[in-house]
$ cat upload28.cif   # mmCIF, C-alpha atoms and all ligand atoms
data_model
loop_
_atom_site.label_atom_id
_atom_site.label_comp_id
_atom_site.auth_asym_id
_atom_site.auth_seq_id
_atom_site.Cartn_x
_atom_site.Cartn_y
_atom_site.Cartn_z
CA MET A 1295 -16.05 8.63 -0.71
CA ASN A 1296 -14.63 12.09 0.10
CA LYS A 1297 -13.27 11.20 3.53
CA LYS A 1298 -10.32 12.93 5.24
CA ILE A 1299 -7.66 10.30 5.86
CA ALA A 1300 -4.23 10.48 7.51
CA ILE A 1301 -1.62 7.82 6.72
CA VAL A 1302 1.16 7.63 9.27
CA GLY A 1303 4.31 6.25 7.62
CA GLY A 1304 5.39 6.50 3.98
CA GLY A 1305 6.79 3.02 3.39
CA ILE A 1306 5.41 1.01 0.49
CA GLY A 1307 2.40 -0.14 2.58
CA GLY A 1308 1.34 3.39 3.56
CA LEU A 1309 1.90 4.73 0.05
CA ILE A 1310 -0.20 2.00 -1.60
CA VAL A 1311 -3.08 2.78 0.75
CA ALA A 1312 -2.63 6.50 0.04
CA TYR A 1313 -2.67 5.85 -3.72
CA ARG A 1314 -5.77 3.68 -3.66
CA LEU A 1315 -7.75 5.88 -1.27
CA SER A 1316 -6.85 9.12 -3.05
CA SER A 1317 -7.82 7.55 -6.38
CA GLU A 1318 -11.29 6.92 -4.90
CA GLY A 1319 -11.74 10.63 -4.18
CA ASN A 1320 -10.64 10.79 -0.54
CA LYS A 1321 -8.51 13.63 0.81
CA VAL A 1322 -5.35 11.88 1.90
CA THR A 1323 -2.29 13.15 3.81
CA VAL A 1324 0.79 10.96 4.35
CA TYR A 1325 3.06 11.76 7.31
CA GLU A 1326 6.61 10.36 7.15
CA LYS A 1327 9.17 10.80 9.91
CA GLU A 1328 12.20 10.60 7.61
CA LYS A 1329 13.29 13.16 5.05
CA GLN A 1330 12.44 10.71 2.27
CA LEU A 1331 9.77 8.12 1.58
CA GLY A 1332 10.06 4.40 0.95
CA GLY A 1333 10.85 2.92 4.38
CA LEU A 1334 12.64 -0.39 3.87
CA ILE A 1335 12.65 -0.01 0.07
CA ASP A 1336 14.29 3.40 0.29
CA ASP A 1337 17.15 3.82 -2.17
CA PHE A 1338 20.30 5.87 -2.81
CA LYS A 1339 22.58 6.41 -5.78
CA ILE A 1340 25.67 4.33 -6.40
CA GLU A 1341 27.70 4.45 -9.60
CA GLY A 1342 25.11 6.85 -10.98
CA GLN A 1343 22.23 4.41 -10.49
CA TYR A 1344 19.48 4.07 -7.88
CA LEU A 1345 19.86 1.03 -5.64
CA GLU A 1346 17.95 -0.22 -2.56
CA LYS A 1347 19.69 0.38 0.78
CA PHE A 1348 18.57 -3.15 1.67
CA TYR A 1349 18.88 -5.82 -1.06
CA HIS A 1350 15.58 -6.63 -2.80
CA HIS A 1351 14.25 -9.00 -5.41
CA ILE A 1352 10.83 -10.56 -6.05
CA PHE A 1353 9.55 -13.98 -7.05
CA LYS A 1354 7.29 -15.02 -9.93
CA THR A 1355 4.75 -16.02 -7.29
CA ASP A 1356 4.59 -12.39 -6.01
CA THR A 1357 1.57 -11.70 -8.16
CA ASP A 1358 0.19 -8.75 -6.15
CA ILE A 1359 3.33 -6.63 -6.48
CA ILE A 1360 3.65 -7.63 -10.14
CA LYS A 1361 0.11 -6.35 -10.68
CA LEU A 1362 0.97 -3.08 -8.92
CA ILE A 1363 4.11 -2.73 -11.05
CA ASN A 1364 1.88 -3.11 -14.13
CA ASP A 1365 -0.69 -0.59 -12.79
CA LEU A 1366 2.10 1.93 -12.27
CA GLY A 1367 3.33 1.47 -15.84
CA LEU A 1368 6.65 -0.01 -14.73
CA ASP A 1369 6.06 -3.45 -16.30
CA ASN A 1370 8.64 -2.88 -19.06
CA LYS A 1371 11.27 -2.44 -16.32
CA LEU A 1372 10.59 -5.70 -14.53
CA LYS A 1373 13.22 -8.23 -15.64
CA TRP A 1374 13.66 -11.85 -14.60
CA TYR A 1375 17.15 -13.18 -13.93
CA LYS A 1376 18.50 -16.62 -13.15
CA SER A 1377 19.40 -16.81 -9.48
CA SER A 1378 22.51 -18.54 -8.14
CA VAL A 1379 22.97 -19.46 -4.50
CA SER A 1380 26.06 -20.51 -2.62
CA LEU A 1381 26.74 -21.64 0.93
CA PHE A 1382 29.90 -20.80 2.83
CA TYR A 1383 30.79 -23.61 5.16
CA ASP A 1384 34.07 -24.73 6.70
CA ASN A 1385 36.15 -22.20 4.75
CA LYS A 1386 34.68 -23.03 1.38
CA PHE A 1387 31.87 -21.82 -0.89
CA TYR A 1388 29.58 -24.57 -2.21
CA PRO A 1389 26.90 -24.13 -4.89
CA PHE A 1390 23.49 -24.61 -3.25
CA ASN A 1391 20.81 -24.38 -5.92
CA GLY A 1392 18.96 -27.66 -5.56
CA SER A 1393 19.08 -31.38 -4.95
CA ILE A 1394 22.17 -32.11 -7.09
CA ASP A 1395 24.18 -29.47 -5.21
CA LEU A 1396 22.94 -30.87 -1.92
CA LEU A 1397 24.10 -34.35 -2.92
CA LYS A 1398 27.55 -33.01 -3.86
CA PHE A 1399 27.90 -30.93 -0.68
CA LYS A 1400 30.92 -32.13 1.33
CA GLY A 1401 29.75 -30.89 4.75
CA LEU A 1402 27.24 -33.71 5.38
CA ASP A 1403 27.09 -37.50 5.21
CA LEU A 1404 24.68 -39.15 2.77
CA ILE A 1405 22.02 -40.00 5.37
CA SER A 1406 21.90 -36.37 6.59
CA LYS A 1407 21.61 -35.13 3.02
CA LEU A 1408 18.78 -37.52 2.28
CA ARG A 1409 16.97 -36.51 5.47
CA LEU A 1410 17.43 -32.86 4.58
CA GLY A 1411 16.10 -33.49 1.08
CA VAL A 1412 13.00 -35.20 2.48
CA VAL A 1413 12.46 -32.31 4.92
CA TYR A 1414 12.58 -29.73 2.10
CA LEU A 1415 10.09 -31.73 0.04
CA TRP A 1416 7.82 -32.29 3.02
CA LEU A 1417 7.69 -28.58 3.89
CA LYS A 1418 7.25 -27.62 0.28
CA PHE A 1419 4.17 -29.77 -0.14
CA ASP A 1420 2.63 -29.54 3.33
CA LYS A 1421 0.07 -26.73 3.29
CA LYS A 1422 -1.03 -27.04 6.92
CA TRP A 1423 1.23 -24.46 8.56
CA GLN A 1424 -0.92 -24.16 11.71
CA LYS A 1425 0.56 -27.34 13.15
CA TYR A 1426 4.03 -25.70 13.14
CA GLN A 1427 2.98 -22.65 15.15
CA LYS A 1428 3.73 -23.86 18.66
CA ILE A 1429 6.89 -25.80 17.98
CA THR A 1430 10.27 -24.11 17.70
CA ALA A 1431 12.17 -24.20 14.40
CA ILE A 1432 15.23 -25.51 16.22
CA GLU A 1433 13.40 -28.39 17.89
CA TRP A 1434 11.57 -29.40 14.69
CA MET A 1435 14.67 -29.25 12.50
CA LYS A 1436 16.84 -31.17 14.95
CA LYS A 1437 14.22 -33.90 15.15
CA ARG A 1438 13.33 -34.16 11.43
CA ALA A 1439 16.55 -33.28 9.62
CA GLY A 1440 18.84 -34.72 12.31
CA ALA A 1441 21.41 -33.12 14.60
CA LYS A 1442 24.18 -32.94 11.99
CA ALA A 1443 22.09 -31.24 9.26
CA TYR A 1444 20.69 -28.88 11.89
CA LYS A 1445 24.20 -27.93 13.06
CA VAL A 1446 25.64 -27.42 9.58
CA ILE A 1447 22.72 -25.86 7.69
CA TRP A 1448 20.08 -24.49 10.03
CA GLU A 1449 21.81 -23.42 13.23
CA PRO A 1450 23.98 -20.76 11.54
CA LEU A 1451 20.96 -19.40 9.68
CA ILE A 1452 18.53 -19.35 12.60
CA LYS A 1453 21.03 -18.18 15.23
CA GLY A 1454 22.83 -15.87 12.80
CA LYS A 1455 19.57 -14.10 12.07
CA PHE A 1456 17.67 -14.18 15.35
CA HIS A 1457 20.52 -14.10 17.91
CA HIS A 1458 19.18 -14.48 21.48
CA TYR A 1459 15.61 -14.85 20.16
CA SER A 1460 16.46 -17.94 18.11
CA ASP A 1461 15.45 -20.56 20.74
CA LYS A 1462 11.81 -19.45 20.52
CA ILE A 1463 11.41 -18.86 16.77
CA SER A 1464 8.35 -20.69 15.49
CA MET A 1465 8.64 -23.47 12.94
CA ALA A 1466 5.70 -21.76 11.17
CA TRP A 1467 8.11 -18.98 10.14
CA LEU A 1468 10.62 -21.46 8.71
CA TRP A 1469 7.83 -23.49 7.09
CA ALA A 1470 6.76 -20.35 5.23
CA ARG A 1471 10.31 -19.57 4.08
CA ILE A 1472 10.70 -23.00 2.54
CA HIS A 1473 7.11 -23.54 1.42
CA THR A 1474 6.73 -20.30 -0.51
CA ARG A 1475 10.11 -20.51 -2.21
CA GLY A 1476 10.26 -22.76 -5.22
CA GLY A 1477 7.46 -21.50 -7.47
CA SER A 1478 9.69 -18.89 -9.08
CA ARG A 1479 11.11 -20.94 -11.96
CA ASN A 1480 11.74 -20.53 -15.67
CA GLU A 1481 10.85 -23.10 -18.34
CA LYS A 1482 14.13 -24.94 -17.63
CA GLY A 1483 13.14 -25.32 -13.99
CA GLU A 1484 15.81 -22.87 -12.78
CA GLU A 1485 15.00 -20.36 -10.05
CA VAL A 1486 14.46 -16.84 -11.39
CA LEU A 1487 14.25 -13.59 -9.45
CA GLY A 1488 12.67 -10.33 -10.51
CA TYR A 1489 14.33 -6.94 -10.32
CA LEU A 1490 13.13 -3.55 -11.53
CA ASP A 1491 15.56 -1.96 -13.94
CA GLY A 1492 16.54 1.19 -12.06
CA GLY A 1493 15.50 -0.21 -8.67
CA PHE A 1494 12.37 -0.75 -6.58
CA GLY A 1495 12.52 2.88 -5.42
CA GLN A 1496 10.70 3.68 -8.66
CA ILE A 1497 7.58 2.14 -7.12
CA THR A 1498 7.80 4.77 -4.37
CA ARG A 1499 8.31 7.59 -6.86
CA GLU A 1500 5.45 6.45 -9.11
CA LEU A 1501 3.11 6.09 -6.13
CA VAL A 1502 4.01 9.60 -5.00
CA LYS A 1503 3.22 10.97 -8.47
CA LYS A 1504 -0.17 9.24 -8.48
CA ILE A 1505 -0.98 10.42 -4.94
CA SER A 1506 -0.29 14.04 -5.86
CA ASP A 1507 -2.19 13.69 -9.16
CA PHE A 1508 -5.20 12.65 -7.08
CA GLY A 1509 -4.75 15.67 -4.78
CA GLY A 1510 -3.07 13.83 -1.90
CA GLU A 1511 -0.53 15.57 0.32
CA ILE A 1512 2.80 14.32 1.65
CA VAL A 1513 4.46 15.70 4.75
CA LEU A 1514 8.08 14.67 5.30
CA ASN A 1515 10.23 14.95 8.46
CA LYS A 1516 7.13 14.62 10.60
CA GLU A 1517 7.22 11.99 13.33
CA ILE A 1518 3.77 11.28 14.68
CA ASN A 1519 3.58 10.30 18.34
CA ASP A 1520 0.67 8.93 20.36
CA LYS A 1521 -0.39 12.42 21.49
CA GLU A 1522 -0.55 13.58 17.88
CA MET A 1523 -2.62 10.50 17.04
CA LEU A 1524 -5.25 11.71 19.54
CA ASN A 1525 -5.38 15.08 17.74
CA PHE A 1526 -5.69 13.24 14.44
CA GLU A 1527 -8.80 11.50 15.73
CA ASN A 1528 -10.49 14.91 15.91
CA LYS A 1529 -9.13 16.06 12.57
CA TYR A 1530 -9.57 13.00 10.32
CA ASP A 1531 -12.30 10.50 9.46
CA PHE A 1532 -9.76 7.67 9.40
CA ILE A 1533 -6.11 7.21 10.35
CA ILE A 1534 -3.98 4.38 8.96
CA ASP A 1535 -1.16 3.72 11.38
CA THR A 1536 1.89 1.97 9.89
CA ARG A 1537 4.27 2.78 12.78
CA PRO A 1538 6.12 -0.03 14.58
CA ILE A 1539 3.90 -1.74 17.16
CA ASN A 1540 4.87 -1.49 20.83
CA GLU A 1541 3.90 -5.06 21.76
CA ILE A 1542 5.93 -6.56 18.91
CA LYS A 1543 9.64 -7.31 19.11
CA TYR A 1544 11.66 -6.45 16.01
CA LEU A 1545 15.17 -7.08 14.78
CA GLY A 1546 17.21 -4.36 13.18
CA ALA A 1547 19.19 -4.71 9.96
CA ILE A 1548 22.57 -3.41 8.78
CA THR A 1549 24.00 -3.39 5.30
CA VAL A 1550 27.42 -2.41 4.05
CA VAL A 1551 27.00 -1.65 0.34
CA PHE A 1552 29.94 -1.01 -1.95
CA SER A 1553 31.01 -0.90 -5.57
CA SER A 1554 34.31 -2.26 -6.79
CA LYS A 1555 36.18 -3.20 -9.93
CA GLN A 1556 36.81 -6.60 -8.38
CA ASN A 1557 34.66 -9.57 -9.33
CA LEU A 1558 34.60 -11.67 -6.16
CA SER A 1559 32.23 -14.50 -7.02
CA ASP A 1560 30.17 -16.30 -9.66
CA TYR A 1561 27.09 -16.38 -7.42
CA TYR A 1562 24.41 -13.82 -6.61
CA TRP A 1563 23.50 -14.93 -3.09
CA HIS A 1564 25.88 -16.39 -0.47
CA ASN A 1565 24.60 -17.71 2.85
CA ILE A 1566 27.41 -17.47 5.38
CA ASN A 1567 27.08 -20.51 7.60
CA ASP A 1568 29.58 -19.44 10.20
CA LEU A 1569 28.39 -17.96 13.50
CA LYS A 1570 31.66 -16.01 13.78
CA SER A 1571 30.74 -13.94 10.73
CA PRO A 1572 29.36 -10.44 11.45
CA PHE A 1573 27.04 -10.77 8.40
CA ILE A 1574 24.80 -13.64 7.29
CA ALA A 1575 24.43 -12.75 3.64
CA PHE A 1576 26.99 -11.70 1.07
CA ILE A 1577 25.25 -10.56 -2.10
CA GLN A 1578 26.86 -9.79 -5.41
CA HIS A 1579 24.00 -7.80 -6.91
CA THR A 1580 25.77 -7.62 -10.28
CA ASN A 1581 25.57 -11.38 -10.59
CA LEU A 1582 21.82 -10.86 -10.92
CA VAL A 1583 21.70 -7.53 -12.76
CA ASP A 1584 24.41 -6.75 -15.29
CA LYS A 1585 27.25 -4.50 -14.11
CA SER A 1586 26.93 -2.32 -17.21
CA LYS A 1587 24.11 -0.53 -15.34
CA TYR A 1588 26.60 0.52 -12.65
CA ARG A 1589 29.43 1.99 -14.74
CA ASN A 1590 30.83 -1.54 -15.09
CA LYS A 1591 31.51 -1.81 -11.35
CA HIS A 1592 30.39 -4.75 -9.24
CA ILE A 1593 27.87 -4.01 -6.51
CA TYR A 1594 28.01 -5.85 -3.18
CA TYR A 1595 25.91 -6.03 -0.05
CA LEU A 1596 27.06 -7.48 3.26
CA GLY A 1597 23.91 -7.90 5.31
CA ALA A 1598 23.16 -8.65 8.96
CA TYR A 1599 20.09 -8.75 11.17
CA VAL A 1600 20.84 -7.66 14.72
CA PRO A 1601 18.93 -7.01 17.96
CA GLN A 1602 17.92 -3.39 18.39
CA ASP A 1603 20.37 -2.87 21.28
CA HIS A 1604 23.32 -4.10 19.18
CA LYS A 1605 26.53 -2.04 19.18
CA TYR A 1606 26.16 -1.45 15.41
CA PHE A 1607 23.42 1.07 16.10
CA LYS A 1608 25.93 3.12 18.09
CA SER A 1609 29.20 2.46 16.26
CA ASP A 1610 30.34 4.72 13.49
CA ASP A 1611 30.23 3.51 9.88
CA LYS A 1612 33.99 3.03 9.63
CA LYS A 1613 34.04 0.57 12.54
CA ILE A 1614 31.27 -1.51 11.00
CA GLN A 1615 32.97 -1.49 7.60
CA GLN A 1616 36.23 -2.60 9.19
CA GLU A 1617 34.60 -5.44 11.09
CA PHE A 1618 32.73 -6.67 8.01
CA PHE A 1619 35.80 -6.37 5.76
CA ASP A 1620 38.05 -8.18 8.24
CA TYR A 1621 35.73 -11.15 7.84
CA LEU A 1622 35.21 -10.72 4.09
CA VAL A 1623 38.93 -11.00 3.47
CA LYS A 1624 38.96 -14.31 5.35
CA ILE A 1625 36.34 -15.81 3.05
CA LYS A 1626 37.47 -13.98 -0.09
CA PRO A 1627 41.25 -13.50 0.34
CA GLU A 1628 41.45 -11.69 -3.01
CA PHE A 1629 39.17 -8.92 -1.68
CA ASN A 1630 41.07 -5.64 -1.78
CA LYS A 1631 39.60 -2.64 0.01
CA THR A 1632 41.57 -0.19 -2.12
CA GLU A 1633 39.58 -1.27 -5.20
CA ILE A 1634 36.33 0.03 -3.67
CA SER A 1635 35.00 3.15 -5.32
CA GLU A 1636 31.83 3.92 -3.34
CA ILE A 1637 30.70 2.64 0.03
CA LYS A 1638 27.78 3.20 2.39
CA VAL A 1639 26.44 1.73 5.64
CA PHE A 1640 22.69 1.57 6.26
CA ARG A 1641 20.77 0.75 9.43
CA SER A 1642 17.13 0.07 10.15
CA LEU A 1643 15.86 -0.50 13.68
CA PHE A 1644 12.58 -2.09 12.57
CA ALA A 1645 13.51 -4.60 9.88
CA GLN A 1646 11.92 -7.94 10.85
CA HIS A 1647 9.30 -8.96 13.38
CA ILE A 1648 10.26 -11.79 15.68
CA VAL A 1649 7.85 -14.64 15.19
CA ASN A 1650 8.10 -16.82 18.26
CA VAL A 1651 5.93 -19.74 19.30
CA GLU A 1652 3.51 -17.41 21.15
CA TYR A 1653 3.12 -15.03 18.22
CA GLN A 1654 -0.25 -13.31 17.85
CA VAL A 1655 -1.02 -11.30 14.73
CA PRO A 1656 -1.52 -7.67 15.83
CA LYS A 1657 -5.10 -6.48 15.40
CA TYR A 1658 -6.11 -4.39 12.39
CA ILE A 1659 -8.84 -2.28 13.92
CA ILE A 1660 -7.72 -0.18 16.88
CA ASN A 1661 -10.93 1.83 17.20
CA LYS A 1662 -13.59 3.12 14.84
CA LYS A 1663 -11.14 5.65 13.36
CA ILE A 1664 -7.69 4.07 13.60
CA LEU A 1665 -6.70 1.13 11.41
CA ARG A 1666 -3.32 -0.52 11.65
CA LEU A 1667 -1.11 -1.61 8.76
CA ASN A 1668 2.24 -3.11 9.67
CA PHE A 1669 4.39 -5.85 8.18
CA ALA A 1670 4.16 -7.63 11.56
CA GLN A 1671 0.60 -8.57 10.53
CA ILE A 1672 2.06 -10.78 7.82
CA TYR A 1673 2.10 -14.28 9.24
CA PRO A 1674 3.28 -16.99 8.84
CA GLN A 1675 4.86 -15.72 5.59
CA ASP A 1676 7.85 -13.47 5.92
CA ARG A 1677 7.37 -9.78 5.25
CA GLY A 1678 7.90 -8.63 1.67
CA VAL A 1679 6.68 -6.07 -0.83
CA ASN A 1680 4.13 -8.52 -2.24
CA PHE A 1681 2.51 -8.86 1.18
CA ALA A 1682 2.60 -5.08 1.63
CA VAL A 1683 0.22 -4.86 -1.36
CA LYS A 1684 -2.01 -7.64 0.01
CA GLU A 1685 -2.19 -6.05 3.48
CA ALA A 1686 -2.87 -2.59 2.02
CA ASN A 1687 -5.80 -4.03 0.05
CA LYS A 1688 -7.18 -5.63 3.24
CA ILE A 1689 -7.08 -2.29 5.06
CA ILE A 1690 -8.88 -0.46 2.26
CA SER A 1691 -11.76 -2.88 2.48
CA ASN A 1692 -12.38 -1.57 6.04
CA ILE A 1693 -12.95 2.03 4.92
C1 LIG B 1 17.39 -6.49 4.68
C2 LIG B 1 16.02 -6.57 4.07
C3 LIG B 1 15.86 -7.21 2.85
C4 LIG B 1 14.59 -7.33 2.27
N1 LIG B 1 14.48 -7.97 1.08
C5 LIG B 1 13.27 -8.08 0.51
C6 LIG B 1 13.14 -8.70 -0.75
O1 LIG B 1 14.13 -9.15 -1.35
N2 LIG B 1 11.89 -8.81 -1.30
C7 LIG B 1 10.78 -8.33 -0.66
O2 LIG B 1 9.66 -8.45 -1.19
N3 LIG B 1 10.88 -7.72 0.55
C8 LIG B 1 12.09 -7.60 1.15
N4 LIG B 1 12.20 -6.97 2.36
C9 LIG B 1 10.97 -6.56 3.07
C10 LIG B 1 10.33 -5.28 2.53
O3 LIG B 1 11.29 -4.27 2.37
C11 LIG B 1 9.27 -4.82 3.53
O4 LIG B 1 8.37 -5.89 3.76
C12 LIG B 1 8.46 -3.62 3.06
O5 LIG B 1 9.27 -2.65 2.47
C13 LIG B 1 7.73 -3.07 4.29
O6 LIG B 1 6.99 -1.94 3.94
P1 LIG B 1 6.07 -1.23 5.02
O7 LIG B 1 5.49 -0.04 4.41
O8 LIG B 1 5.15 -2.25 5.60
O9 LIG B 1 7.05 -0.85 6.23
P2 LIG B 1 8.26 0.19 6.28
O10 LIG B 1 9.04 0.14 5.02
O11 LIG B 1 8.97 -0.10 7.56
O12 LIG B 1 7.55 1.63 6.36
C14 LIG B 1 7.14 2.22 7.55
C15 LIG B 1 7.34 3.72 7.39
O13 LIG B 1 6.79 4.40 8.53
C16 LIG B 1 7.68 5.43 8.92
N5 LIG B 1 7.43 5.74 10.31
C17 LIG B 1 7.73 4.94 11.39
N6 LIG B 1 7.37 5.57 12.52
C18 LIG B 1 6.80 6.74 12.17
C19 LIG B 1 6.22 7.81 12.91
N7 LIG B 1 6.15 7.79 14.25
N8 LIG B 1 5.73 8.88 12.24
C20 LIG B 1 5.79 8.93 10.86
N9 LIG B 1 6.35 7.94 10.11
C21 LIG B 1 6.84 6.86 10.76
C22 LIG B 1 9.05 4.82 8.63
O14 LIG B 1 10.06 5.81 8.56
C23 LIG B 1 8.80 4.12 7.31
O15 LIG B 1 9.02 4.95 6.21
C24 LIG B 1 13.46 -6.80 2.95
C25 LIG B 1 13.62 -6.14 4.16
C26 LIG B 1 14.89 -6.02 4.73
C27 LIG B 1 15.05 -5.33 6.04
#

$ encode --input "upload28.cif" --output "structure tokens"
Amino acid sequence: MNKKIAIVGGGIGGLIVAYRLSSEGNKVTVYEKEKQLGGLIDDFKIEGQYLEKFYHHIFKTDTDIIKLINDLGLDNKLKWYKSSVSLFYDNKFYPFNGSIDLLKFKGLDLISKLRLGVVYLWLKFDKKWQKYQKITAIEWMKKRAGAKAYKVIWEPLIKGKFHHYSDKISMAWLWARIHTRGGSRNEKGEEVLGYLDGGFGQITRELVKKISDFGGEIVLNKEINDKEMLNFENKYDFIIDTRPINEIKYLGAITVVFSSKQNLSDYYWHNINDLKSPFIAFIQHTNLVDKSKYRNKHIYYLGAYVPQDHKYFKSDDKKIQQEFFDYLVKIKPEFNKTEISEIKVFRSLFAQHIVNVEYQVPKYIINKKILRLNFAQIYPQDRGVNFAVKEANKIISNI
């Protein structure tokens, strides 16, 4: 091969491409604007252990990332844990792990529950996602699951995540969320989720090792703009551009991550079905992974997706913490801030592409030198590390 290749962006997608292309004998340079690599799987240390800034797990069906984990020699660290999901509605947490929990749920009448059950099954088995592209998730759900089930279950999730974009979100996006979930089960039929002992940041570190073993170069703190891209066209045979795409609208994400002696819940994942909440997900990470890995402290994430012009991108960390904790204490009155030992706030401006009814997958080939790799090309499935591997493999086939 022996081509000179620049990779702009050192998230998992860019690093996989860099690893594969350098292993084939190309001279690869990765340019990353931040002072560390990893993008959305970037990590930090809490209670002496690496942890993702944004909560992560994988599914048994994520076979491409599992294969990469094996290739990188991290397979002994991949552990599967029983998941547990809860829904906060009308001042109460309800278990929400399957059909029995749905039947017991107090927030809906029997007819609505049955309709909702049929809708889940329908979307799970229907493979023809194309027919959902041009219809909004709100319209489809209201019609099929009924107004009550929409109001109680789906409205808080769709509006809580997409804010003023929610009216146009395509049903294809929601189809994919429901359709792809479900295959990750153990022999007892319970949902299991995968987590890398020591965190997914190890994928980044292992990729970096491989890239340098193959003679690749990594340049940190280097933001590449369009002018620089023109220079790159003279300097390199190929450029893989993983930067956010101008024509695409993205949501940002915020997490408040903390460790505490307090055990606040029996569940791992909590959907907060209340539009007054500043966060949509409350995650007790140590109900998936044992707390012994974190000096016996519990690890929590409070997570929100917000528009890029949201005040959280300008407010200081303390204000965000306060706002999130004021709500947390309403839903978990036993929560005591003074028990927290470590706390951090993380922000990402480009966290989720907005898939509306007019969505067009951004093109891969920009010109004969520039190829594009961005999670916004993943459609209708939601972005994820598994798809980052798939997309990276697609790009390589063009070189
Ligand atoms: C809250 C949250 C939770 C998630 N949970 C999961 C999960 O549980 N499971 C899962 O599989 N996936 C999850 N994901 C998705 C997953 O993290 C992403 O799909 C994946 O990490 C995207 O990788 P990427 O390389 O495509 O993009 P990114 O990680 O965005 O990487 C792009 C890189 O390019 C750099 N860059 C941007 N502009 C420039 C520039 N001008 N010059 C140089 N560098 C630049 C950025 O700094 C970044 O490092 C989650 C995402 C979020 C936000």

$ closest_residue --input "upload28.cif" --among "A:Ile1664, A:Ile1432, A:Ile1693, A:Leu1362" --to "A:Leu1524" --atoms "only C-alpha atoms"
A:Ile1664

$ residues_around --input "upload28.cif" --residues "A:Leu1501" --least-positions-apart "6" --cutoff "7 Å" --atoms "all atoms listed in the file" --output "number ranges by chain"
A: 1309-1310, 1313

$ atom_distance --input "upload28.cif" --atom1 "atom CA of A:Lys1376" --atom2 "atom CA of A:Arg1479"
8.6 Å

$ atom_distance --input "upload28.cif" --atom1 "atom CA of A:Gly1477" --atom2 "atom CA of A:Asp1356"
9.7 Å

$ residues_near_ligand --input "upload28.cif" --ligand "ligand LIG 1 (chain B)" --cutoff "6 Å" --atoms "only C-alpha atoms and all ligand atoms" --output "JSON list (two decimals) with C-alpha atoms, in the frame of the given file"
[["chain", "number", "residue", "atom", "x", "y", "z"],
["A", 1302, "VAL", "CA", 1.16, 7.63, 9.27],
["A", 1303, "GLY", "CA", 4.31, 6.25, 7.62],
["A", 1304, "GLY", "CA", 5.39, 6.50, 3.98],
["A", 1305, "GLY", "CA", 6.79, 3.02, 3.39],
["A", 1306, "ILE", "CA", 5.41, 1.01, 0.49],
["A", 1307, "GLY", "CA", 2.40, -0.14, 2.58],
["A", 1308, "GLY", "CA", 1.34, 3.39, 3.56],
["A", 1325, "TYR", "CA", 3.06, 11.76, 7.31],
["A", 1326, "GLU", "CA", 6.61, 10.36, 7.15],
["A", 1327, "LYS", "CA", 9.17, 10.80, 9.91],
["A", 1328, "GLU", "CA", 12.20, 10.60, 7.61],
["A", 1331, "LEU", "CA", 9.77, 8.12, 1.58],
["A", 1332, "GLY", "CA", 10.06, 4.40, 0.95],
["A", 1333, "GLY", "CA", 10.85, 2.92, 4.38],
["A", 1334, "LEU", "CA", 12.64, -0.39, 3.87],
["A", 1335, "ILE", "CA", 12.65, -0.01, 0.07],
["A", 1348, "PHE", "CA", 18.57, -3.15, 1.67],
["A", 1349, "TYR", "CA", 18.88, -5.82, -1.06],
["A", 1350, "HIS", "CA", 15.58, -6.63, -2.80],
["A", 1351, "HIS", "CA", 14.25, -9.00, -5.41],
["A", 1352, "ILE", "CA", 10.83, -10.56, -6.05],
["A", 1516, "LYS", "CA", 7.13, 14.62, 10.60],
["A", 1517, "GLU", "CA", 7.22, 11.99, 13.33],
["A", 1518, "ILE", "CA", 3.77, 11.28, 14.68],
["A", 1519, "ASN", "CA", 3.58, 10.30, 18.34],
["A", 1536, "THR", "CA", 1.89, 1.97, 9.89],
["A", 1537, "ARG", "CA", 4.27, 2.78, 12.78],
["A", 1547, "ALA", "CA", 19.19, -4.71, 9.96],
["A", 1645, "ALA", "CA", 13.51, -4.60, 9.88],
["A", 1668, "ASN", "CA", 2.24, -3.11, 9.67],
["A", 1669, "PHE", "CA", 4.39, -5.85, 8.18],
["A", 1677, "ARG", "CA", 7.37, -9.78, 5.25],
["A", 1678, "GLY", "CA", 7.90, -8.63, 1.67],
["A", 1679, "VAL", "CA", 6.68, -6.07, -0.83],
["A", 1680, "ASN", "CA", 4.13, -8.52, -2.24],
["A", 1682, "ALA", "CA", 2.60, -5.08, 1.63]]

$ closest_residue --input "upload28.cif" --among "A:Asn1581, A:Ser1506, A:Ser1571, A:Thr1498" --to "A:Lys1624" --atoms "all atoms listed in the file"
A:Ser1571

$ residues_around --input "upload28.cif" --residues "stretch 1584-1592 of chain A" --least-positions-apart "3" --cutoff "8 Å" --atoms "all atoms listed in the file" --output "PyMOL selection string"
chain A and resi 1340-1343+1553-1557+1578-1581

$ residues_around --input "upload28.cif" --residues "A:Tyr1530" --least-positions-apart "2" --cutoff "9 Å" --atoms "all atoms listed in the file" --output "MDAnalysis selection string"
chainID A and resid 1297:1300 1525:1528 1532:1533 1663
